[in-house]
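The file data24.tsv contains TSV, C-alpha atoms (C1' of nucleotides):
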chain	number	residue	atom	x	y	z
A	1	MET	CA	20.00	-14.91	-3.38
A	2	PRO	CA	21.25	-14.32	0.11
A	3	GLU	CA	20.51	-17.10	2.56
A	4	LEU	CA	22.34	-17.91	5.78
A	5	PRO	CA	25.79	-18.51	4.21
A	6	GLU	CA	25.68	-15.32	2.17
A	7	VAL	CA	24.47	-13.30	5.15
A	8	GLU	CA	27.19	-14.84	7.34
A	9	ILE	CA	29.85	-13.83	4.82
A	10	THR	CA	28.37	-10.34	4.77
A	11	ARG	CA	28.41	-10.29	8.58
A	12	GLN	CA	32.09	-11.17	8.71
A	13	HIS	CA	32.89	-8.50	6.15
A	14	LEU	CA	30.87	-5.87	8.02
A	15	ALA	CA	32.37	-6.83	11.37
A	16	THR	CA	35.83	-6.11	10.01
A	17	ALA	CA	34.79	-2.79	8.56
A	18	LEU	CA	32.35	-1.50	11.19
A	19	LEU	CA	33.34	-2.72	14.63
A	20	GLY	CA	33.97	0.28	16.87
A	21	ARG	CA	33.41	2.71	13.98
A	22	SER	CA	31.07	5.68	14.17
A	23	LEU	CA	28.66	6.76	11.46
A	24	VAL	CA	29.57	10.34	10.67
A	25	SER	CA	26.86	11.00	8.11
A	26	VAL	CA	23.97	8.88	6.93
A	27	SER	CA	21.83	9.06	3.82
A	28	MET	CA	18.78	6.83	3.47
A	29	ARG	CA	17.68	7.20	-0.12
A	30	HIS	CA	14.72	4.88	-0.58
A	31	ALA	CA	11.50	4.78	1.43
A	32	ARG	CA	10.88	1.10	0.79
A	33	THR	CA	14.30	0.22	2.25
A	34	ALA	CA	13.17	2.15	5.35
A	35	ARG	CA	9.70	0.57	5.44
A	36	HIS	CA	10.16	-0.92	8.92
A	37	ASN	CA	10.68	2.62	10.20
A	38	HIS	CA	7.41	3.70	8.55
A	39	GLY	CA	9.25	4.49	5.34
A	40	SER	CA	10.76	7.54	6.99
A	41	LEU	CA	14.20	8.41	5.64
A	42	ASP	CA	14.58	10.98	8.43
A	43	ILE	CA	14.01	8.55	11.29
A	44	VAL	CA	16.68	6.17	10.02
A	45	GLU	CA	19.16	8.96	9.39
A	46	GLN	CA	18.59	10.65	12.75
A	47	ARG	CA	18.82	7.41	14.69
A	48	LEU	CA	22.09	6.41	13.02
A	49	THR	CA	24.01	9.66	12.71
A	50	GLY	CA	26.84	9.85	15.24
A	51	ARG	CA	26.25	6.33	16.56
A	52	ARG	CA	29.02	3.80	17.12
A	53	VAL	CA	28.82	0.10	16.17
A	54	LEU	CA	29.22	-2.28	19.13
A	55	GLU	CA	28.73	-5.64	17.40
A	56	VAL	CA	27.74	-7.20	14.10
A	57	ARG	CA	25.61	-10.27	14.70
A	58	ARG	CA	23.37	-12.49	12.61
A	59	LEU	CA	20.16	-14.38	13.31
A	60	GLY	CA	19.03	-16.53	10.42
A	61	LYS	CA	19.07	-14.20	7.43
A	62	TYR	CA	18.92	-11.04	9.55
A	63	LEU	CA	21.89	-8.85	10.38
A	64	VAL	CA	21.66	-7.45	13.91
A	65	ILE	CA	23.89	-4.53	14.83
A	66	PRO	CA	23.70	-3.08	18.37
A	67	LEU	CA	24.63	0.60	18.66
A	68	ASP	CA	26.17	2.58	21.51
A	69	ASP	CA	22.89	4.22	22.55
A	70	GLY	CA	20.91	1.00	22.99
A	71	MET	CA	19.27	1.10	19.56
A	72	THR	CA	19.74	-1.85	17.20
A	73	VAL	CA	20.07	-1.95	13.45
A	74	VAL	CA	18.17	-4.84	11.87
A	75	ALA	CA	18.93	-5.40	8.20
A	76	HIS	CA	17.81	-8.02	5.70
A	77	LEU	CA	19.31	-8.53	2.25
A	78	GLY	CA	16.07	-9.84	0.76
A	79	MET	CA	16.56	-11.18	-2.73
A	80	SER	CA	19.14	-8.83	-4.10
A	81	GLY	CA	20.57	-6.75	-1.27
A	82	ARG	CA	24.31	-6.27	-0.88
A	83	PHE	CA	26.45	-4.25	1.53
A	84	SER	CA	29.80	-2.94	0.40
A	85	ILE	CA	32.59	-0.78	1.77
A	86	ALA	CA	33.75	1.83	-0.71
A	87	SER	CA	35.63	5.08	-0.90
A	88	PRO	CA	33.34	8.13	-0.59
A	89	ASP	CA	34.62	9.20	-4.03
A	90	ASP	CA	33.50	6.02	-5.76
A	91	PRO	CA	30.44	6.66	-7.93
A	92	LEU	CA	27.19	5.31	-6.52
A	93	GLU	CA	26.10	2.09	-8.08
A	94	LEU	CA	22.59	1.98	-9.54
A	95	HIS	CA	20.00	1.07	-6.85
A	96	THR	CA	22.13	2.33	-3.96
A	97	HIS	CA	19.48	2.93	-1.31
A	98	PHE	CA	21.64	3.67	1.72
A	99	VAL	CA	25.01	5.37	2.24
A	100	ALA	CA	26.89	6.07	5.47
A	101	GLU	CA	30.27	7.73	5.85
A	102	LEU	CA	32.35	6.24	8.66
A	103	ASP	CA	34.86	7.93	10.96
A	104	ASP	CA	37.75	6.15	9.26
A	105	GLY	CA	36.95	7.79	5.92
A	106	THR	CA	35.26	4.79	4.33
A	107	SER	CA	31.74	4.61	2.97
A	108	LEU	CA	29.18	1.89	3.77
A	109	ARG	CA	26.68	1.28	1.00
A	110	PHE	CA	23.57	-0.83	0.53
A	111	VAL	CA	22.58	-1.73	-3.03
A	112	ASP	CA	19.31	-3.58	-3.60
A	113	PRO	CA	17.73	-3.62	-7.08
A	114	ARG	CA	14.58	-5.51	-6.13
A	115	THR	CA	14.12	-3.75	-2.77
A	116	PHE	CA	13.07	-6.88	-0.92
A	117	GLY	CA	15.76	-6.01	1.59
A	118	PHE	CA	15.52	-3.37	4.30
A	119	ILE	CA	17.46	-1.48	6.92
A	120	ALA	CA	15.69	-0.67	10.18
A	121	VAL	CA	16.75	0.98	13.43
A	122	HIS	CA	14.77	-0.13	16.46
A	123	ASP	CA	14.63	0.52	20.18
A	124	ASP	CA	14.05	-2.44	22.48
A	125	ALA	CA	10.27	-2.13	22.45
A	126	GLU	CA	10.19	-2.05	18.65
A	127	LEU	CA	12.51	-5.05	18.51
A	128	GLU	CA	10.06	-7.11	20.51
A	129	THR	CA	7.26	-6.50	18.04
A	130	SER	CA	9.41	-6.78	14.91
A	131	GLY	CA	9.53	-9.89	12.77
A	132	ILE	CA	12.90	-10.86	14.18
A	133	ALA	CA	11.30	-11.65	17.53
A	134	ARG	CA	9.53	-14.62	15.96
A	135	ILE	CA	12.59	-16.13	14.30
A	136	GLY	CA	13.56	-19.65	15.35
A	137	PRO	CA	17.04	-20.88	16.36
A	138	ASP	CA	19.85	-20.17	13.91
A	139	ALA	CA	20.56	-23.14	11.65
A	140	TRP	CA	24.33	-22.62	11.86
A	141	GLU	CA	25.16	-21.18	15.29
A	142	ASP	CA	22.34	-22.63	17.34
A	143	PRO	CA	20.59	-25.49	15.55
A	144	PRO	CA	17.76	-27.22	17.39
A	145	ALA	CA	18.34	-30.66	18.88
A	146	PRO	CA	16.71	-33.43	16.84
A	147	ILE	CA	14.12	-34.01	19.55
A	148	ASP	CA	13.15	-30.35	19.56
A	149	LEU	CA	12.71	-30.24	15.80
A	150	ALA	CA	10.74	-33.49	15.98
A	151	VAL	CA	8.39	-31.94	18.52
A	152	ALA	CA	7.98	-28.84	16.37
A	153	LEU	CA	7.11	-30.95	13.33
A	154	ARG	CA	4.78	-33.32	15.15
A	155	GLY	CA	1.31	-33.35	13.67
A	156	ARG	CA	2.19	-30.87	10.94
A	157	THR	CA	0.66	-31.60	7.55
A	158	ALA	CA	2.50	-28.93	5.59
A	159	PRO	CA	5.31	-30.26	3.38
A	160	ILE	CA	8.70	-30.37	5.10
A	161	LYS	CA	10.11	-28.03	2.44
A	162	ALA	CA	7.60	-25.34	3.43
A	163	LEU	CA	8.35	-25.82	7.13
A	164	LEU	CA	12.07	-25.36	6.51
A	165	LEU	CA	11.42	-22.08	4.69
A	166	ASP	CA	9.16	-20.86	7.48
A	167	GLN	CA	12.07	-19.61	9.71
A	168	ALA	CA	10.06	-20.34	12.87
A	169	HIS	CA	11.47	-23.79	13.63
A	170	ILE	CA	14.98	-23.26	12.29
A	171	SER	CA	16.16	-20.02	10.70
A	172	GLY	CA	18.45	-19.16	7.82
A	173	LEU	CA	17.46	-21.63	5.12
A	174	GLY	CA	16.12	-20.31	1.83
A	175	ASN	CA	15.08	-22.06	-1.32
A	176	ILE	CA	18.53	-23.25	-2.40
A	177	TYR	CA	19.82	-24.72	0.85
A	178	ALA	CA	16.46	-26.19	1.86
A	179	ASP	CA	16.44	-28.21	-1.37
A	180	GLU	CA	20.09	-29.19	-0.94
A	181	ALA	CA	19.66	-30.30	2.68
A	182	LEU	CA	16.56	-32.37	1.88
A	183	PHE	CA	18.47	-34.09	-0.91
A	184	ARG	CA	21.40	-34.98	1.33
A	185	ALA	CA	19.02	-36.28	3.97
A	186	GLY	CA	17.10	-38.36	1.42
A	187	ILE	CA	13.77	-36.72	2.24
A	188	ASP	CA	11.06	-36.10	-0.35
A	189	PRO	CA	10.35	-32.35	0.00
A	190	ARG	CA	6.59	-33.00	-0.23
A	191	THR	CA	6.59	-35.21	2.87
A	192	PRO	CA	4.23	-33.84	5.53
A	193	GLY	CA	6.35	-32.45	8.38
A	194	GLY	CA	4.78	-34.76	10.92
A	195	GLU	CA	5.64	-37.80	8.83
A	196	VAL	CA	9.39	-37.22	8.71
A	197	THR	CA	10.83	-40.00	10.84
A	198	ASP	CA	13.15	-39.33	13.76
A	199	VAL	CA	16.02	-40.91	11.85
A	200	ARG	CA	15.41	-38.59	8.91
A	201	ILE	CA	15.23	-35.58	11.20
A	202	GLU	CA	18.69	-36.41	12.52
A	203	LEU	CA	19.98	-36.86	9.00
A	204	LEU	CA	18.35	-33.57	8.02
A	205	LEU	CA	20.04	-31.60	10.80
A	206	ASP	CA	23.38	-33.16	9.85
A	207	ALA	CA	22.72	-32.32	6.20
A	208	ILE	CA	21.87	-28.71	7.04
A	209	ARG	CA	25.17	-28.22	8.86
A	210	GLU	CA	27.05	-29.85	6.01
A	211	VAL	CA	25.36	-27.82	3.29
A	212	LEU	CA	25.75	-24.52	5.14
A	213	GLY	CA	29.37	-25.18	6.10
A	214	VAL	CA	30.37	-25.99	2.55
A	215	ALA	CA	28.55	-22.93	1.25
A	216	ILE	CA	30.19	-20.59	3.74
A	217	SER	CA	33.66	-21.91	2.97
A	218	ASN	CA	32.97	-21.47	-0.74
A	219	GLY	CA	31.92	-17.84	-0.41
A	220	GLY	CA	28.22	-18.49	-0.91
A	221	THR	CA	26.21	-19.27	-4.01
A	222	SER	CA	26.24	-16.82	-6.91
A	223	LEU	CA	23.81	-17.96	-9.59
A	224	ASP	CA	24.32	-17.30	-13.26
A	225	ASP	CA	22.39	-14.03	-12.96
A	226	LEU	CA	25.02	-12.80	-10.44
A	227	ALA	CA	22.24	-11.26	-8.34
A	228	TYR	CA	24.30	-12.21	-5.30
A	229	LEU	CA	27.93	-11.15	-5.06
A	230	LEU	CA	30.33	-11.10	-2.15
A	231	PRO	CA	30.67	-7.75	-0.37
A	232	ASP	CA	33.89	-7.16	-2.30
A	233	GLY	CA	32.13	-7.73	-5.62
A	234	ARG	CA	33.44	-11.23	-6.35
A	235	ALA	CA	31.11	-14.09	-7.19
A	236	GLY	CA	30.64	-16.90	-4.65
A	237	GLU	CA	31.93	-20.29	-5.77
A	238	ASN	CA	29.33	-22.59	-4.25
A	239	LEU	CA	27.23	-23.16	-7.39
A	240	ARG	CA	29.28	-26.20	-8.35
A	241	GLN	CA	28.50	-27.80	-4.99
A	242	LEU	CA	24.74	-27.80	-5.59
A	243	LYS	CA	23.36	-31.26	-6.25
A	244	VAL	CA	19.70	-30.52	-7.02
A	245	TYR	CA	18.94	-26.79	-7.02
A	246	GLY	CA	18.61	-25.56	-10.61
A	247	ARG	CA	19.48	-29.03	-11.94
A	248	ASP	CA	15.98	-30.15	-13.00
A	249	GLY	CA	16.14	-32.20	-16.19
A	250	GLU	CA	19.74	-33.22	-15.47
A	251	PRO	CA	20.87	-36.58	-14.05
A	252	CYS	CA	21.35	-37.02	-10.31
A	253	TYR	CA	25.06	-37.21	-9.46
A	254	ASP	CA	24.38	-40.10	-7.07
A	255	CYS	CA	21.97	-42.35	-9.00
A	256	GLY	CA	21.53	-40.97	-12.51
A	257	GLU	CA	17.78	-40.39	-12.19
A	258	ILE	CA	16.56	-37.13	-13.74
A	259	ILE	CA	16.20	-34.34	-11.18
A	260	ASP	CA	12.57	-33.21	-10.96
A	261	LYS	CA	11.09	-29.81	-10.19
A	262	VAL	CA	7.77	-29.15	-8.51
A	263	VAL	CA	6.23	-26.05	-6.95
A	264	ILE	CA	5.66	-26.02	-3.19
A	265	ARG	CA	4.09	-22.90	-1.68
A	266	SER	CA	4.92	-21.07	-4.90
A	267	ARG	CA	8.61	-21.94	-4.50
A	268	SER	CA	10.41	-24.01	-7.10
A	269	THR	CA	11.56	-27.23	-5.46
A	270	HIS	CA	14.23	-29.51	-6.91
A	271	PHE	CA	14.71	-33.12	-5.89
A	272	CYS	CA	15.78	-36.56	-7.04
A	273	PRO	CA	12.75	-38.89	-7.26
A	274	HIS	CA	14.97	-41.89	-6.54
A	275	CYS	CA	17.27	-40.66	-3.77
A	276	GLN	CA	14.40	-38.81	-2.09
A	277	ALA	CA	11.72	-41.46	-2.40
A	278	PRO	CA	9.18	-41.54	0.44
A	279	ASP	CA	10.24	-43.67	3.38
A	280	VAL	CA	8.74	-47.14	3.27
A	281	GLY	CA	7.83	-48.40	6.71
B	1	DA	C1'	-3.05	-22.86	5.40
B	2	DC	C1'	-3.67	-20.21	1.83
B	3	DC	C1'	-3.30	-15.87	-1.06
B	4	DT	C1'	-1.33	-11.28	-2.71
B	5	DC	C1'	1.83	-7.91	-2.80
B	6	DC	C1'	6.25	-5.85	-3.48
B	7	DC	C1'	10.34	-5.04	-7.46
B	8	DT	C1'	13.80	-5.29	-11.26
B	9	DG	C1'	16.73	-7.62	-14.52
B	10	DG	C1'	17.02	-11.28	-17.46
B	11	DC	C1'	14.94	-14.25	-20.44
B	12	DC	C1'	11.76	-16.22	-24.02
C	1	DG	C1'	6.03	-7.25	-24.41
C	2	DG	C1'	5.09	-10.59	-20.97
C	3	DC	C1'	6.76	-13.80	-17.59
C	4	DC	C1'	9.60	-15.43	-14.05
C	5	DA	C1'	12.45	-15.55	-9.76
C	6	DG	C1'	11.97	-15.08	-4.67
C	7	DG	C1'	11.56	-13.63	1.40
C	8	DG	C1'	8.66	-11.81	4.24
C	9	DA	C1'	4.64	-9.18	5.73
C	10	DG	C1'	0.06	-8.75	5.66
C	11	DG	C1'	-4.44	-10.26	5.06
C	12	DT	C1'	-8.52	-13.61	5.00
How would this structure read if it were set down as structure tokens?
Amino acid sequence: MPELPEVEITRQHLATALLGRSLVSVSMRHARTARHNHGSLDIVEQRLTGRRVLEVRRLGKYLVIPLDDGMTVVAHLGMSGRFSIASPDDPLELHTHFVAELDDGTSLRFVDPRTFGFIAVHDDAELETSGIARIGPDAWEDPPAPIDLAVALRGRTAPIKALLLDQAHISGLGNIYADEALFRAGIDPRTPGGEVTDVRIELLLDAIREVLGVAISNGGTSLDDLAYLLPDGRAGENLRQLKVYGRDGEPCYDCGEIIDKVVIRSRSTHFCPHCQAPDVG
DNA sequence: ACCTCCCTGGCC
DNA sequence: GGCCAGGGAGGT
């Protein structure tokens, strides 16, 4: 499931393939993938055809691709989205919702079985009202200072796990890396945001950088269902680095306690009851 | 702060 | 044959 590391790997792959390239022909094939352009296949195709890619950026889990006419592509991989570069002759994979032929003879494709992902093309006015305008600082490139995160969390009663998934205070964490970062920081995921101590906030920000860095260098996390694969089709190798996610019922690597699983905001949440005990005093 | 919806493949 | 996973948008 693509989170910041998987999107960053995708970004690097797309930068190599797309930078300076023009889109010769474009086929949007699924209205839901175009839902942020009112579900109109035509709008997306017309806005992209003939355009040249200036940059491939990332904010949190969003890919942001400025074009040569001032428009900007905003794409999200959702749960199961994957970009790939293929030959135009390669058969279309099932659930291919977007295809673009590039001026170097390659073919950009977007495959997304569960259609939680999307591809949008926005002008500046649309960008300001799109969801991306409300995204907080990027957890990897631009993490908040501890004091700023502390201020954002002050007085909040929602569990820290939920606040990390919110994307407003720090962006890019999903269910896997939120659980992993909270484990490394020794924070009980149910702790109200406002009750996380300043020391723990510092540890949390350190843990986030650590967890994300390891994941990126390992090619991201492919789970057993292989819903997420690298853009070249290989599986990411980060699963073995996970210390709590998906390990409920198994012993903690650090203390031997059995990893527990609870539901927070309808998200499965994995933690070690010993290593992540509530702070005392 | 809470709920519901979206969607498919994999699993029991 | 039903349930689950999950990010984000929308609603109340």
*So which residues touch C:DG11 within 12 Å, counting only C-alpha atoms (C1' of nucleotides), skipping near sequence neighbours fewer than 3 positions away, as a list in words?*
DC2, DC3, DT4 and DC5 of chain B
_With distances taken over all atoms listed in the file, which residue among A:Ala139, A:Leu102, A:Ile132, A:Leu63 lies nearest chain C?_
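Distance minimum relative to chain C lands on A:Ile132.
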*Quick one: which residues from chain A are at most 12 Å off chain C, using only C-alpha atoms (C1' of nucleotides), as a VMD selection string?*
chain A and resid 1 to 3 35 to 36 61 to 62 76 to 81 114 to 118 130 to 132 135 165 to 167 172 to 176 223 225 227 246 265 to 268
Suppose we keep C-alpha atoms; can you now write the selection as a PDB file, in the coordinates of the input?
ATOM      1  CA  MET A   1      20.000 -14.910  -3.380  1.00  0.00           C
ATOM      2  CA  PRO A   2      21.250 -14.320   0.110  1.00  0.00           C
ATOM      3  CA  GLU A   3      20.510 -17.100   2.560  1.00  0.00           C
ATOM      4  CA  ARG A  35       9.700   0.570   5.440  1.00  0.00           C
ATOM      5  CA  HIS A  36      10.160  -0.920   8.920  1.00  0.00           C
ATOM      6  CA  LYS A  61      19.070 -14.200   7.430  1.00  0.00           C
ATOM      7  CA  TYR A  62      18.920 -11.040   9.550  1.00  0.00           C
ATOM      8  CA  HIS A  76      17.810  -8.020   5.700  1.00  0.00           C
ATOM      9  CA  LEU A  77      19.310  -8.530   2.250  1.00  0.00           C
ATOM     10  CA  GLY A  78      16.070  -9.840   0.760  1.00  0.00           C
ATOM     11  CA  MET A  79      16.560 -11.180  -2.730  1.00  0.00           C
ATOM     12  CA  SER A  80      19.140  -8.830  -4.100  1.00  0.00           C
ATOM     13  CA  GLY A  81      20.570  -6.750  -1.270  1.00  0.00           C
ATOM     14  CA  ARG A 114      14.580  -5.510  -6.130  1.00  0.00           C
ATOM     15  CA  THR A 115      14.120  -3.750  -2.770  1.00  0.00           C
ATOM     16  CA  PHE A 116      13.070  -6.880  -0.920  1.00  0.00           C
ATOM     17  CA  GLY A 117      15.760  -6.010   1.590  1.00  0.00           C
ATOM     18  CA  PHE A 118      15.520  -3.370   4.300  1.00  0.00           C
ATOM     19  CA  SER A 130       9.410  -6.780  14.910  1.00  0.00           C
ATOM     20  CA  GLY A 131       9.530  -9.890  12.770  1.00  0.00           C
ATOM     21  CA  ILE A 132      12.900 -10.860  14.180  1.00  0.00           C
ATOM     22  CA  ILE A 135      12.590 -16.130  14.300  1.00  0.00           C
ATOM     23  CA  LEU A 165      11.420 -22.080   4.690  1.00  0.00           C
ATOM     24  CA  ASP A 166       9.160 -20.860   7.480  1.00  0.00           C
ATOM     25  CA  GLN A 167      12.070 -19.610   9.710  1.00  0.00           C
ATOM     26  CA  GLY A 172      18.450 -19.160   7.820  1.00  0.00           C
ATOM     27  CA  LEU A 173      17.460 -21.630   5.120  1.00  0.00           C
ATOM     28  CA  GLY A 174      16.120 -20.310   1.830  1.00  0.00           C
ATOM     29  CA  ASN A 175      15.080 -22.060  -1.320  1.00  0.00           C
ATOM     30  CA  ILE A 176      18.530 -23.250  -2.400  1.00  0.00           C
ATOM     31  CA  LEU A 223      23.810 -17.960  -9.590  1.00  0.00           C
ATOM     32  CA  ASP A 225      22.390 -14.030 -12.960  1.00  0.00           C
ATOM     33  CA  ALA A 227      22.240 -11.260  -8.340  1.00  0.00           C
ATOM     34  CA  GLY A 246      18.610 -25.560 -10.610  1.00  0.00           C
ATOM     35  CA  ARG A 265       4.090 -22.900  -1.680  1.00  0.00           C
ATOM     36  CA  SER A 266       4.920 -21.070  -4.900  1.00  0.00           C
ATOM     37  CA  ARG A 267       8.610 -21.940  -4.500  1.00  0.00           C
ATOM     38  CA  SER A 268      10.410 -24.010  -7.100  1.00  0.00           C
TER      39      SER A 268
END
*Might you pull out every residue within 9 Å of stretch 194-203 of chain A, with all atoms listed in the file counted and same-chain residues fewer than 3 positions away left off, and present them as number ranges by chain?*
A: 145-147, 149-160, 184-187, 191, 206-208, 279
Counting only C-alpha atoms (C1' of nucleotides), which residues in chain B sit no more than 9 Å from chain A? For each one, give the nearest pair of atoms and the distance in Å, sorted by chain then residue number, as CSV.
residue,atom,partner,partner_atom,distance
B:DA1,C1',A:Ala158,CA,8.2
B:DC2,C1',A:Arg265,CA,8.9
B:DC6,C1',A:Phe116,CA,7.4
B:DC7,C1',A:Arg114,CA,4.5
B:DT8,C1',A:Arg114,CA,5.2
B:DG9,C1',A:Pro113,CA,8.5
B:DG10,C1',A:Asp225,CA,7.5
*What is the atom CA of A:Pro273 to atom CA of A:Asp260 distance in Å?*
6.8 Å
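The two atoms in question, atom CA of A:Val262 and atom CA of A:Asp248, are spaced 9.4 Å apart.
Taking atom CA of A:His97 and atom CA of A:Phe110 as the two end points, the separation is 5.9 Å.
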